[in-house]
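For reference, upload_12.pdb (PDB, C-alpha atoms, pLDDT in the B column):
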```
ATOM      1  CA  MET A   1     -15.189  36.441  74.280  1.00 49.00           C
ATOM      2  CA  ALA A   2     -18.792  36.322  73.050  1.00 53.00           C
ATOM      3  CA  GLU A   3     -18.506  39.889  71.746  1.00 54.00           C
ATOM      4  CA  ARG A   4     -15.481  38.959  69.739  1.00 55.00           C
ATOM      5  CA  ASP A   5     -17.394  36.141  67.992  1.00 59.00           C
ATOM      6  CA  ARG A   6     -20.163  38.503  66.857  1.00 64.00           C
ATOM      7  CA  ARG A   7     -17.844  40.822  65.007  1.00 66.00           C
ATOM      8  CA  PRO A   8     -17.337  40.017  61.329  1.00 64.00           C
ATOM      9  CA  ARG A   9     -14.046  38.381  60.549  1.00 68.00           C
ATOM     10  CA  ILE A  10     -12.082  39.394  57.530  1.00 70.00           C
ATOM     11  CA  ASP A  11     -10.695  35.933  56.890  1.00 70.00           C
ATOM     12  CA  GLN A  12     -14.162  34.362  56.573  1.00 66.00           C
ATOM     13  CA  PRO A  13     -16.892  35.117  54.005  1.00 66.00           C
ATOM     14  CA  ARG A  14     -20.144  36.631  55.149  1.00 66.00           C
ATOM     15  CA  GLU A  15     -22.956  34.257  55.885  1.00 66.00           C
ATOM     16  CA  GLY A  16     -26.437  35.391  54.951  1.00 62.00           C
ATOM     17  CA  GLY A  17     -25.735  38.827  56.228  1.00 57.00           C
ATOM     18  CA  ARG A  18     -27.523  41.769  54.822  1.00 61.00           C
ATOM     19  CA  ARG A  19     -25.564  43.614  52.198  1.00 64.00           C
ATOM     20  CA  PHE A  20     -25.649  47.333  51.633  1.00 63.00           C
ATOM     21  CA  THR A  21     -28.572  48.379  49.502  1.00 63.00           C
ATOM     22  CA  THR A  22     -29.269  51.835  48.249  1.00 60.00           C
ATOM     23  CA  PRO A  23     -32.084  53.582  50.059  1.00 62.00           C
ATOM     24  CA  THR A  24     -35.382  53.850  48.216  1.00 65.00           C
ATOM     25  CA  VAL A  25     -34.871  57.613  48.053  1.00 67.00           C
ATOM     26  CA  PHE A  26     -32.134  57.104  45.457  1.00 71.00           C
ATOM     27  CA  THR A  27     -34.140  55.176  42.903  1.00 81.00           C
ATOM     28  CA  GLU A  28     -33.637  56.010  39.256  1.00 82.00           C
ATOM     29  CA  GLU A  29     -37.110  57.491  39.004  1.00 83.00           C
ATOM     30  CA  ALA A  30     -36.653  59.721  42.061  1.00 85.00           C
ATOM     31  CA  PHE A  31     -33.294  60.912  40.778  1.00 83.00           C
ATOM     32  CA  GLY A  32     -34.845  61.638  37.382  1.00 85.00           C
ATOM     33  CA  VAL A  33     -37.639  63.663  38.967  1.00 87.00           C
ATOM     34  CA  VAL A  34     -35.109  65.696  40.968  1.00 86.00           C
ATOM     35  CA  SER A  35     -33.017  66.300  37.856  1.00 85.00           C
ATOM     36  CA  GLU A  36     -36.072  67.488  35.934  1.00 88.00           C
ATOM     37  CA  LYS A  37     -37.008  69.899  38.724  1.00 89.00           C
ATOM     38  CA  PHE A  38     -33.441  71.189  38.814  1.00 86.00           C
ATOM     39  CA  ALA A  39     -33.332  71.621  35.029  1.00 87.00           C
ATOM     40  CA  ARG A  40     -36.667  73.451  35.073  1.00 89.00           C
ATOM     41  CA  TYR A  41     -35.467  75.741  37.850  1.00 89.00           C
ATOM     42  CA  MET A  42     -32.213  76.516  36.030  1.00 87.00           C
ATOM     43  CA  GLY A  43     -34.223  77.733  33.058  1.00 83.00           C
ATOM     44  CA  THR A  44     -36.157  80.308  35.071  1.00 89.00           C
ATOM     45  CA  PRO A  45     -35.375  84.015  35.364  1.00 92.00           C
ATOM     46  CA  TYR A  46     -35.228  83.590  39.163  1.00 93.00           C
ATOM     47  CA  PHE A  47     -32.201  81.337  38.865  1.00 91.00           C
ATOM     48  CA  LEU A  48     -30.424  83.644  36.432  1.00 91.00           C
ATOM     49  CA  ILE A  49     -31.125  86.727  38.534  1.00 94.00           C
ATOM     50  CA  GLY A  50     -30.126  84.901  41.720  1.00 93.00           C
ATOM     51  CA  MET A  51     -26.907  83.655  40.157  1.00 93.00           C
ATOM     52  CA  THR A  52     -26.087  87.152  38.883  1.00 94.00           C
ATOM     53  CA  VAL A  53     -26.712  88.656  42.337  1.00 95.00           C
ATOM     54  CA  PHE A  54     -24.565  85.916  43.907  1.00 93.00           C
ATOM     55  CA  VAL A  55     -21.653  86.647  41.565  1.00 93.00           C
ATOM     56  CA  PHE A  56     -21.938  90.426  42.064  1.00 94.00           C
ATOM     57  CA  VAL A  57     -22.020  90.036  45.858  1.00 93.00           C
ATOM     58  CA  TRP A  58     -19.040  87.653  45.711  1.00 91.00           C
ATOM     59  CA  VAL A  59     -16.991  89.952  43.511  1.00 92.00           C
ATOM     60  CA  GLY A  60     -18.071  93.074  45.409  1.00 92.00           C
ATOM     61  CA  TRP A  61     -17.166  91.528  48.756  1.00 90.00           C
ATOM     62  CA  ASN A  62     -13.761  90.387  47.551  1.00 90.00           C
ATOM     63  CA  VAL A  63     -12.977  93.733  45.910  1.00 90.00           C
ATOM     64  CA  LEU A  64     -14.483  96.280  48.326  1.00 90.00           C
ATOM     65  CA  ALA A  65     -14.160  94.561  51.718  1.00 86.00           C
ATOM     66  CA  PRO A  66     -11.113  95.114  53.899  1.00 89.00           C
ATOM     67  CA  VAL A  67      -8.172  92.907  52.983  1.00 87.00           C
ATOM     68  CA  SER A  68      -8.492  90.811  56.127  1.00 89.00           C
ATOM     69  CA  TRP A  69     -12.127  89.926  55.299  1.00 89.00           C
ATOM     70  CA  ARG A  70     -11.491  88.907  51.692  1.00 89.00           C
ATOM     71  CA  PHE A  71     -11.511  85.142  51.134  1.00 88.00           C
ATOM     72  CA  ASP A  72     -11.062  85.033  47.318  1.00 88.00           C
ATOM     73  CA  PRO A  73      -8.583  87.608  45.913  1.00 85.00           C
ATOM     74  CA  TYR A  74      -8.847  89.242  42.500  1.00 84.00           C
ATOM     75  CA  PRO A  75      -8.595  86.412  39.965  1.00 86.00           C
ATOM     76  CA  PHE A  76     -11.506  84.866  41.918  1.00 90.00           C
ATOM     77  CA  ILE A  77     -10.219  81.306  41.624  1.00 92.00           C
ATOM     78  CA  PHE A  78     -12.660  79.973  44.229  1.00 91.00           C
ATOM     79  CA  LEU A  79     -15.637  81.601  42.447  1.00 91.00           C
ATOM     80  CA  THR A  80     -14.474  80.089  39.160  1.00 93.00           C
ATOM     81  CA  LEU A  81     -14.199  76.705  40.843  1.00 93.00           C
ATOM     82  CA  ILE A  82     -17.722  76.952  42.284  1.00 93.00           C
ATOM     83  CA  LEU A  83     -19.209  78.010  38.946  1.00 92.00           C
ATOM     84  CA  SER A  84     -17.345  75.229  37.126  1.00 94.00           C
ATOM     85  CA  LEU A  85     -18.563  72.692  39.672  1.00 93.00           C
ATOM     86  CA  GLN A  86     -22.129  73.940  39.289  1.00 91.00           C
ATOM     87  CA  ALA A  87     -21.862  73.715  35.479  1.00 91.00           C
ATOM     88  CA  SER A  88     -20.321  70.235  35.636  1.00 92.00           C
ATOM     89  CA  TYR A  89     -23.328  68.987  37.618  1.00 89.00           C
ATOM     90  CA  ALA A  90     -25.900  71.018  35.713  1.00 89.00           C
ATOM     91  CA  ALA A  91     -25.013  69.715  32.245  1.00 90.00           C
ATOM     92  CA  PRO A  92     -25.568  65.988  32.973  1.00 89.00           C
ATOM     93  CA  LEU A  93     -28.729  66.740  34.964  1.00 87.00           C
ATOM     94  CA  ILE A  94     -30.106  68.780  32.087  1.00 88.00           C
ATOM     95  CA  LEU A  95     -29.236  65.978  29.644  1.00 90.00           C
ATOM     96  CA  LEU A  96     -30.938  63.445  31.914  1.00 89.00           C
ATOM     97  CA  ALA A  97     -34.042  65.621  32.060  1.00 89.00           C
ATOM     98  CA  GLN A  98     -34.008  65.955  28.262  1.00 90.00           C
ATOM     99  CA  ASN A  99     -33.684  62.193  27.831  1.00 90.00           C
ATOM    100  CA  ARG A 100     -36.625  61.578  30.167  1.00 90.00           C
ATOM    101  CA  GLN A 101     -38.685  64.145  28.258  1.00 90.00           C
ATOM    102  CA  ALA A 102     -37.738  62.495  24.968  1.00 92.00           C
ATOM    103  CA  ASP A 103     -38.843  59.114  26.370  1.00 91.00           C
ATOM    104  CA  ARG A 104     -42.175  60.607  27.448  1.00 91.00           C
ATOM    105  CA  ASP A 105     -42.613  62.240  24.037  1.00 93.00           C
ATOM    106  CA  ARG A 106     -41.816  58.950  22.286  1.00 94.00           C
ATOM    107  CA  PHE A 107     -44.329  57.092  24.458  1.00 93.00           C
ATOM    108  CA  ALA A 108     -47.005  59.756  23.836  1.00 94.00           C
ATOM    109  CA  LEU A 109     -46.281  59.589  20.095  1.00 95.00           C
ATOM    110  CA  GLU A 110     -46.714  55.809  20.099  1.00 94.00           C
ATOM    111  CA  GLN A 111     -50.003  56.144  21.960  1.00 95.00           C
ATOM    112  CA  ASP A 112     -51.184  58.835  19.537  1.00 95.00           C
ATOM    113  CA  ARG A 113     -50.197  56.667  16.586  1.00 95.00           C
ATOM    114  CA  SER A 114     -52.059  53.625  17.912  1.00 95.00           C
ATOM    115  CA  ARG A 115     -55.124  55.755  18.742  1.00 95.00           C
ATOM    116  CA  ASP A 116     -55.026  57.262  15.246  1.00 94.00           C
ATOM    117  CA  GLU A 117     -54.806  53.796  13.705  1.00 95.00           C
ATOM    118  CA  ARG A 118     -57.830  52.664  15.738  1.00 94.00           C
ATOM    119  CA  ASN A 119     -59.748  55.790  14.731  1.00 93.00           C
ATOM    120  CA  LEU A 120     -58.856  55.211  11.079  1.00 93.00           C
ATOM    121  CA  ALA A 121     -59.994  51.582  11.280  1.00 93.00           C
ATOM    122  CA  ASP A 122     -63.251  52.645  12.961  1.00 92.00           C
ATOM    123  CA  THR A 123     -63.822  55.325  10.329  1.00 92.00           C
ATOM    124  CA  GLU A 124     -63.192  52.866   7.500  1.00 93.00           C
ATOM    125  CA  PHE A 125     -65.583  50.373   9.100  1.00 93.00           C
ATOM    126  CA  LEU A 126     -68.301  53.020   9.479  1.00 92.00           C
ATOM    127  CA  THR A 127     -67.739  54.157   5.891  1.00 91.00           C
ATOM    128  CA  ARG A 128     -68.229  50.598   4.654  1.00 92.00           C
ATOM    129  CA  GLU A 129     -71.368  50.234   6.772  1.00 92.00           C
ATOM    130  CA  VAL A 130     -72.849  53.501   5.457  1.00 90.00           C
ATOM    131  CA  ALA A 131     -72.067  52.426   1.888  1.00 89.00           C
ATOM    132  CA  ALA A 132     -73.749  49.061   2.508  1.00 89.00           C
ATOM    133  CA  LEU A 133     -76.807  50.805   3.939  1.00 87.00           C
ATOM    134  CA  ARG A 134     -77.031  53.085   0.926  1.00 83.00           C
ATOM    135  CA  ILE A 135     -76.867  50.123  -1.420  1.00 85.00           C
ATOM    136  CA  ALA A 136     -79.498  48.284   0.609  1.00 80.00           C
ATOM    137  CA  LEU A 137     -81.802  51.302   0.677  1.00 77.00           C
ATOM    138  CA  ARG A 138     -81.670  51.659  -3.093  1.00 78.00           C
ATOM    139  CA  ASP A 139     -83.114  48.166  -3.441  1.00 71.00           C
ATOM    140  CA  GLN A 140     -85.699  48.647  -0.699  1.00 73.00           C
ATOM    141  CA  ALA A 141     -89.100  50.083  -1.489  1.00 72.00           C
ATOM    142  CA  THR A 142     -89.901  53.329   0.260  1.00 75.00           C
ATOM    143  CA  ARG A 143     -93.319  54.302   1.581  1.00 80.00           C
ATOM    144  CA  ASP A 144     -93.867  56.818  -1.232  1.00 82.00           C
ATOM    145  CA  PHE A 145     -92.908  54.236  -3.839  1.00 81.00           C
ATOM    146  CA  VAL A 146     -95.382  51.681  -2.412  1.00 82.00           C
ATOM    147  CA  ARG A 147     -98.115  54.308  -2.157  1.00 86.00           C
ATOM    148  CA  GLY A 148     -97.582  55.330  -5.802  1.00 87.00           C
ATOM    149  CA  GLU A 149     -97.653  51.723  -6.942  1.00 86.00           C
ATOM    150  CA  LEU A 150    -100.872  51.089  -5.015  1.00 86.00           C
ATOM    151  CA  ARG A 151    -102.509  54.173  -6.534  1.00 88.00           C
ATOM    152  CA  ASP A 152    -101.478  53.067 -10.010  1.00 89.00           C
ATOM    153  CA  LEU A 153    -102.965  49.621  -9.388  1.00 86.00           C
ATOM    154  CA  LEU A 154    -106.143  51.154  -7.986  1.00 81.00           C
ATOM    155  CA  ASP A 155    -106.479  53.439 -11.018  1.00 85.00           C
ATOM    156  CA  GLU A 156    -105.997  50.465 -13.307  1.00 84.00           C
ATOM    157  CA  LEU A 157    -108.629  48.469 -11.416  1.00 81.00           C
ATOM    158  CA  GLU A 158    -111.068  51.389 -11.558  1.00 80.00           C
ATOM    159  CA  GLU A 159    -110.591  51.624 -15.293  1.00 81.00           C
ATOM    160  CA  ARG A 160    -111.497  47.949 -15.614  1.00 79.00           C
ATOM    161  CA  GLY A 161    -114.440  48.398 -13.253  1.00 73.00           C
ATOM    162  CA  LEU A 162    -113.239  45.849 -10.749  1.00 70.00           C
ATOM    163  CA  VAL A 163    -113.151  48.181  -7.723  1.00 59.00           C
ATOM    164  CA  LEU A 164    -115.677  47.468  -4.985  1.00 60.00           C
ATOM    165  CA  VAL A 165    -114.216  49.778  -2.305  1.00 58.00           C
ATOM    166  CA  ARG A 166    -114.130  53.487  -2.809  1.00 64.00           C
ATOM    167  CA  ARG A 167    -110.848  55.213  -3.059  1.00 65.00           C
ATOM    168  CA  GLU A 168    -111.503  57.506  -0.052  1.00 71.00           C
ATOM    169  CA  GLU A 169    -112.091  54.521   2.200  1.00 72.00           C
ATOM    170  CA  LEU A 170    -108.864  52.932   1.042  1.00 69.00           C
ATOM    171  CA  GLU A 171    -106.903  56.117   1.754  1.00 76.00           C
ATOM    172  CA  ALA A 172    -108.561  56.456   5.189  1.00 78.00           C
ATOM    173  CA  ALA A 173    -107.582  52.881   5.986  1.00 77.00           C
ATOM    174  CA  TYR A 174    -104.044  53.557   4.801  1.00 75.00           C
ATOM    175  CA  GLU A 175    -103.775  56.702   6.956  1.00 80.00           C
ATOM    176  CA  ALA A 176    -105.141  54.842   9.970  1.00 78.00           C
ATOM    177  CA  SER A 177    -102.562  52.098   9.498  1.00 75.00           C
ATOM    178  CA  ALA A 178     -99.819  54.721   9.162  1.00 70.00           C
ATOM    179  CA  GLY A 179    -100.816  56.211  12.515  1.00 67.00           C
ATOM    180  CA  ARG A 180    -102.663  59.251  11.200  1.00 58.00           C
ATOM    181  CA  VAL A 181    -106.093  60.308  12.322  1.00 53.00           C
ATOM    182  CA  PRO A 182    -108.520  60.345   9.390  1.00 49.00           C
ATOM    183  CA  SER A 183    -110.141  63.652   8.566  1.00 51.00           C
ATOM    184  CA  THR A 184    -113.782  64.347   9.518  1.00 50.00           C
ATOM    185  CA  ALA A 185    -114.858  64.151   5.887  1.00 48.00           C
ATOM    186  CA  ASP A 186    -113.664  60.548   5.727  1.00 47.00           C
ATOM    187  CA  GLU A 187    -115.498  59.575   8.952  1.00 48.00           C
ATOM    188  CA  GLY A 188    -118.918  60.029   7.336  1.00 47.00           C
ATOM    189  CA  LEU A 189    -118.229  57.451   4.688  1.00 47.00           C
ATOM    190  CA  GLY A 190    -119.663  54.063   5.404  1.00 47.00           C
ATOM    191  CA  SER A 191    -118.975  50.722   3.916  1.00 46.00           C
ATOM    192  CA  PRO A 192    -120.698  49.939   0.582  1.00 47.00           C
ATOM    193  CA  THR A 193    -122.610  47.031   2.045  1.00 43.00           C
TER     194      THR A 193
END
```
Can you dump the structure from the file as structure tokens?
Amino acid sequence: MAERDRRPRIDQPREGGRRFTTPTVFTEEAFGVVSEKFARYMGTPYFLIGMTVFVFVWVGWNVLAPVSWRFDPYPFIFLTLILSLQASYAAPLILLAQNRQADRDRFALEQDRSRDERNLADTEFLTREVAALRIALRDQATRDFVRGELRDLLDELEERGLVLVRREELEAAYEASAGRVPSTADEGLGSPT
């Protein structure tokens, strides 16, 4: 009697029982991967050569074998049925594989587009920064400009007779401040005091 109570009853709804779920092997992704592999294989010369050999063996067996061994007589209805069945499964699998490839291509295109937009924005930013640096450098005095201005001022002061330091000493001091070693001719010069 206890065994009878454990069996499901048709007149009562199920209570918290586990319903049938598809195995994880049959997920949409797994099926898509299998369809892509199948579509890739069908596009190879191995498949075409194998299918041709299969058809020739089938036809040869059913034409050349003794009558008692033949299983598909001349119109080859069974062969036609097998090839039609194979084509009826191949077409949707190939379409599924093409749709998955189109989705991957669309995703890759979107990623390329967003990466290109980021690169364009970065390039525009760098272009603006380089332009700003060029403008700033035009207004900034360069070392040669300052040196020329100092020489002009020194020449003007010499003309007026207001120079107390000799020009060679000033240039030696400038070279020392710029990180250059003064020449030996400049080392012999002493201060005017």
Can you tell me, as AutoDock Vina command-line options, the centre and edge lengths (Å, one decimal) of the axis-aligned box enclosing all of stretch 33-45 of chain A's listed atoms after padding each side by 5 Å?
```
--center_x -34.9 --center_y 73.8 --center_z 37.0 --size_x 15.4 --size_y 30.4 --size_z 17.9
```
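This file, queried with the PyMOL selection byres ((chain A and resi 89-103) around 7), gives the residues Gly32, Ser35, Glu36, Ala39, Leu85, Gln86, Ala87, Ser88, Arg104, Asp105, Arg106 and Phe107 of chain A.
Selection around (-17.0, 88.0, 45.0) with radius 9 Å, counting all atoms listed in the file, yields the residues Phe54, Val55, Phe56, Val57, Trp58, Val59, Gly60, Trp61, Asn62, Val63, Arg70, Phe71, Asp72, Pro73, Tyr74, Phe76 and Leu79 of chain A.
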Any chance you can output those residues with C-alpha atoms as an mmCIF file, in the coordinates of the input?
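The new file result-v2.cif reads:
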```
data_model
loop_
_atom_site.group_PDB
_atom_site.id
_atom_site.type_symbol
_atom_site.label_atom_id
_atom_site.label_comp_id
_atom_site.auth_asym_id
_atom_site.auth_seq_id
_atom_site.Cartn_x
_atom_site.Cartn_y
_atom_site.Cartn_z
ATOM 1 C CA PHE A 54 -24.565 85.916 43.907
ATOM 2 C CA VAL A 55 -21.653 86.647 41.565
ATOM 3 C CA PHE A 56 -21.938 90.426 42.064
ATOM 4 C CA VAL A 57 -22.020 90.036 45.858
ATOM 5 C CA TRP A 58 -19.040 87.653 45.711
ATOM 6 C CA VAL A 59 -16.991 89.952 43.511
ATOM 7 C CA GLY A 60 -18.071 93.074 45.409
ATOM 8 C CA TRP A 61 -17.166 91.528 48.756
ATOM 9 C CA ASN A 62 -13.761 90.387 47.551
ATOM 10 C CA VAL A 63 -12.977 93.733 45.910
ATOM 11 C CA ARG A 70 -11.491 88.907 51.692
ATOM 12 C CA PHE A 71 -11.511 85.142 51.134
ATOM 13 C CA ASP A 72 -11.062 85.033 47.318
ATOM 14 C CA PRO A 73 -8.583 87.608 45.913
ATOM 15 C CA TYR A 74 -8.847 89.242 42.500
ATOM 16 C CA PHE A 76 -11.506 84.866 41.918
ATOM 17 C CA LEU A 79 -15.637 81.601 42.447
#
```
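In this model, the gap between atom CA of A:Leu157 and atom CA of A:Arg143 comes to 20.9 Å.
Relative to atom CA of A:Ala132, atom CA of A:Glu117 is found at 22.5 Å.
In this model, the gap between atom CA of A:Leu153 and atom CA of A:Ala136 comes to 25.5 Å.
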Should you be able to, write stretch 63-168 of chain A of this structure into a file that contains C-alpha atoms, as a PDB file, in the first residue's frame.
```
ATOM      1  CA  VAL A  63      23.438  -1.917 -59.491  1.00  0.00           C
ATOM      2  CA  LEU A  64      26.282  -4.466 -59.533  1.00  0.00           C
ATOM      3  CA  ALA A  65      25.539  -6.652 -56.494  1.00  0.00           C
ATOM      4  CA  PRO A  66      23.451  -9.795 -56.820  1.00  0.00           C
ATOM      5  CA  VAL A  67      19.718  -9.153 -56.732  1.00  0.00           C
ATOM      6  CA  SER A  68      19.309 -10.740 -53.313  1.00  0.00           C
ATOM      7  CA  TRP A  69      21.892  -8.361 -51.779  1.00  0.00           C
ATOM      8  CA  ARG A  70      20.420  -5.168 -53.225  1.00  0.00           C
ATOM      9  CA  PHE A  71      18.492  -3.082 -50.691  1.00  0.00           C
ATOM     10  CA  ASP A  72      17.610  -0.039 -52.868  1.00  0.00           C
ATOM     11  CA  PRO A  73      16.605  -0.878 -56.479  1.00  0.00           C
ATOM     12  CA  TYR A  74      17.253   1.341 -59.486  1.00  0.00           C
ATOM     13  CA  PRO A  75      15.330   4.563 -58.841  1.00  0.00           C
ATOM     14  CA  PHE A  76      17.283   4.663 -55.546  1.00  0.00           C
ATOM     15  CA  ILE A  77      14.366   5.970 -53.497  1.00  0.00           C
ATOM     16  CA  PHE A  78      16.096   5.268 -50.176  1.00  0.00           C
ATOM     17  CA  LEU A  79      19.260   7.120 -51.297  1.00  0.00           C
ATOM     18  CA  THR A  80      17.125  10.069 -52.387  1.00  0.00           C
ATOM     19  CA  LEU A  81      15.394  10.030 -49.016  1.00  0.00           C
ATOM     20  CA  ILE A  82      18.709  10.004 -47.129  1.00  0.00           C
ATOM     21  CA  LEU A  83      20.127  12.850 -49.218  1.00  0.00           C
ATOM     22  CA  SER A  84      16.927  14.877 -48.803  1.00  0.00           C
ATOM     23  CA  LEU A  85      17.000  14.299 -45.053  1.00  0.00           C
ATOM     24  CA  GLN A  86      20.641  15.369 -44.905  1.00  0.00           C
ATOM     25  CA  ALA A  87      19.858  18.523 -46.925  1.00  0.00           C
ATOM     26  CA  SER A  88      16.815  19.330 -44.781  1.00  0.00           C
ATOM     27  CA  TYR A  89      19.002  19.311 -41.660  1.00  0.00           C
ATOM     28  CA  ALA A  90      22.005  20.946 -43.298  1.00  0.00           C
ATOM     29  CA  ALA A  91      20.191  24.055 -44.545  1.00  0.00           C
ATOM     30  CA  PRO A  92      18.890  25.253 -41.139  1.00  0.00           C
ATOM     31  CA  LEU A  93      22.209  24.425 -39.462  1.00  0.00           C
ATOM     32  CA  ILE A  94      24.078  26.429 -42.075  1.00  0.00           C
ATOM     33  CA  LEU A  95      21.649  29.338 -41.626  1.00  0.00           C
ATOM     34  CA  LEU A  96      22.107  29.163 -37.855  1.00  0.00           C
ATOM     35  CA  ALA A  97      25.876  29.229 -38.282  1.00  0.00           C
ATOM     36  CA  GLN A  98      25.574  32.217 -40.632  1.00  0.00           C
ATOM     37  CA  ASN A  99      23.367  34.073 -38.155  1.00  0.00           C
ATOM     38  CA  ARG A 100      25.855  33.466 -35.340  1.00  0.00           C
ATOM     39  CA  GLN A 101      28.685  34.688 -37.570  1.00  0.00           C
ATOM     40  CA  ALA A 102      26.667  37.777 -38.480  1.00  0.00           C
ATOM     41  CA  ASP A 103      26.089  38.467 -34.764  1.00  0.00           C
ATOM     42  CA  ARG A 104      29.820  38.138 -34.083  1.00  0.00           C
ATOM     43  CA  ASP A 105      30.617  40.419 -37.026  1.00  0.00           C
ATOM     44  CA  ARG A 106      28.087  42.993 -35.802  1.00  0.00           C
ATOM     45  CA  PHE A 107      29.567  42.901 -32.297  1.00  0.00           C
ATOM     46  CA  ALA A 108      33.124  43.239 -33.670  1.00  0.00           C
ATOM     47  CA  LEU A 109      31.985  46.145 -35.862  1.00  0.00           C
ATOM     48  CA  GLU A 110      30.470  47.921 -32.859  1.00  0.00           C
ATOM     49  CA  GLN A 111      33.676  47.426 -30.891  1.00  0.00           C
ATOM     50  CA  ASP A 112      35.754  48.703 -33.818  1.00  0.00           C
ATOM     51  CA  ARG A 113      33.482  51.720 -34.166  1.00  0.00           C
ATOM     52  CA  SER A 114      33.715  52.601 -30.471  1.00  0.00           C
ATOM     53  CA  ARG A 115      37.506  52.108 -30.503  1.00  0.00           C
ATOM     54  CA  ASP A 116      37.770  54.318 -33.593  1.00  0.00           C
ATOM     55  CA  GLU A 117      35.671  57.003 -31.911  1.00  0.00           C
ATOM     56  CA  ARG A 118      37.937  56.899 -28.843  1.00  0.00           C
ATOM     57  CA  ASN A 119      41.029  57.083 -31.050  1.00  0.00           C
ATOM     58  CA  LEU A 120      39.551  60.032 -32.944  1.00  0.00           C
ATOM     59  CA  ALA A 121      38.739  61.835 -29.690  1.00  0.00           C
ATOM     60  CA  ASP A 122      42.261  61.164 -28.382  1.00  0.00           C
ATOM     61  CA  THR A 123      43.785  62.398 -31.636  1.00  0.00           C
ATOM     62  CA  GLU A 124      41.688  65.568 -31.568  1.00  0.00           C
ATOM     63  CA  PHE A 125      42.681  66.179 -27.944  1.00  0.00           C
ATOM     64  CA  LEU A 126      46.380  65.710 -28.739  1.00  0.00           C
ATOM     65  CA  THR A 127      46.051  67.989 -31.770  1.00  0.00           C
ATOM     66  CA  ARG A 128      44.550  70.718 -29.592  1.00  0.00           C
ATOM     67  CA  GLU A 129      47.308  70.256 -27.014  1.00  0.00           C
ATOM     68  CA  VAL A 130      50.059  70.476 -29.655  1.00  0.00           C
ATOM     69  CA  ALA A 131      48.438  73.609 -31.091  1.00  0.00           C
ATOM     70  CA  ALA A 132      48.273  75.148 -27.607  1.00  0.00           C
ATOM     71  CA  LEU A 133      51.936  74.321 -27.020  1.00  0.00           C
ATOM     72  CA  ARG A 134      52.918  75.917 -30.309  1.00  0.00           C
ATOM     73  CA  ILE A 135      51.026  79.071 -29.429  1.00  0.00           C
ATOM     74  CA  ALA A 136      52.601  79.132 -25.973  1.00  0.00           C
ATOM     75  CA  LEU A 137      56.094  78.612 -27.369  1.00  0.00           C
ATOM     76  CA  ARG A 138      55.723  81.532 -29.756  1.00  0.00           C
ATOM     77  CA  ASP A 139      55.178  83.841 -26.793  1.00  0.00           C
ATOM     78  CA  GLN A 140      57.955  82.299 -24.709  1.00  0.00           C
ATOM     79  CA  ALA A 141      61.500  83.566 -24.986  1.00  0.00           C
ATOM     80  CA  THR A 142      64.012  81.015 -26.176  1.00  0.00           C
ATOM     81  CA  ARG A 143      67.585  80.739 -24.940  1.00  0.00           C
ATOM     82  CA  ASP A 144      68.987  82.184 -28.179  1.00  0.00           C
ATOM     83  CA  PHE A 145      66.573  85.104 -28.016  1.00  0.00           C
ATOM     84  CA  VAL A 146      67.585  85.914 -24.410  1.00  0.00           C
ATOM     85  CA  ARG A 147      71.274  85.563 -25.253  1.00  0.00           C
ATOM     86  CA  GLY A 148      70.905  87.948 -28.217  1.00  0.00           C
ATOM     87  CA  GLU A 149      69.032  90.466 -26.103  1.00  0.00           C
ATOM     88  CA  LEU A 150      71.702  90.307 -23.397  1.00  0.00           C
ATOM     89  CA  ARG A 151      74.472  90.831 -25.956  1.00  0.00           C
ATOM     90  CA  ASP A 152      72.632  93.811 -27.408  1.00  0.00           C
ATOM     91  CA  LEU A 153      72.259  95.313 -23.933  1.00  0.00           C
ATOM     92  CA  LEU A 154      75.915  94.643 -23.160  1.00  0.00           C
ATOM     93  CA  ASP A 155      76.994  96.292 -26.422  1.00  0.00           C
ATOM     94  CA  GLU A 156      74.830  99.290 -25.616  1.00  0.00           C
ATOM     95  CA  LEU A 157      76.311  99.533 -22.119  1.00  0.00           C
ATOM     96  CA  GLU A 158      79.848  99.279 -23.507  1.00  0.00           C
ATOM     97  CA  GLU A 159      79.123 102.096 -25.909  1.00  0.00           C
ATOM     98  CA  ARG A 160      78.028 104.267 -22.990  1.00  0.00           C
ATOM     99  CA  GLY A 161      81.052 103.184 -20.960  1.00  0.00           C
ATOM    100  CA  LEU A 162      79.038 101.772 -18.105  1.00  0.00           C
ATOM    101  CA  VAL A 163      80.477  98.234 -18.229  1.00  0.00           C
ATOM    102  CA  LEU A 164      82.606  97.187 -15.270  1.00  0.00           C
ATOM    103  CA  VAL A 165      82.816  93.449 -16.069  1.00  0.00           C
ATOM    104  CA  ARG A 166      84.537  92.243 -19.167  1.00  0.00           C
ATOM    105  CA  ARG A 167      82.552  90.523 -21.797  1.00  0.00           C
ATOM    106  CA  GLU A 168      84.608  87.286 -21.633  1.00  0.00           C
TER     107      GLU A 168
END
```
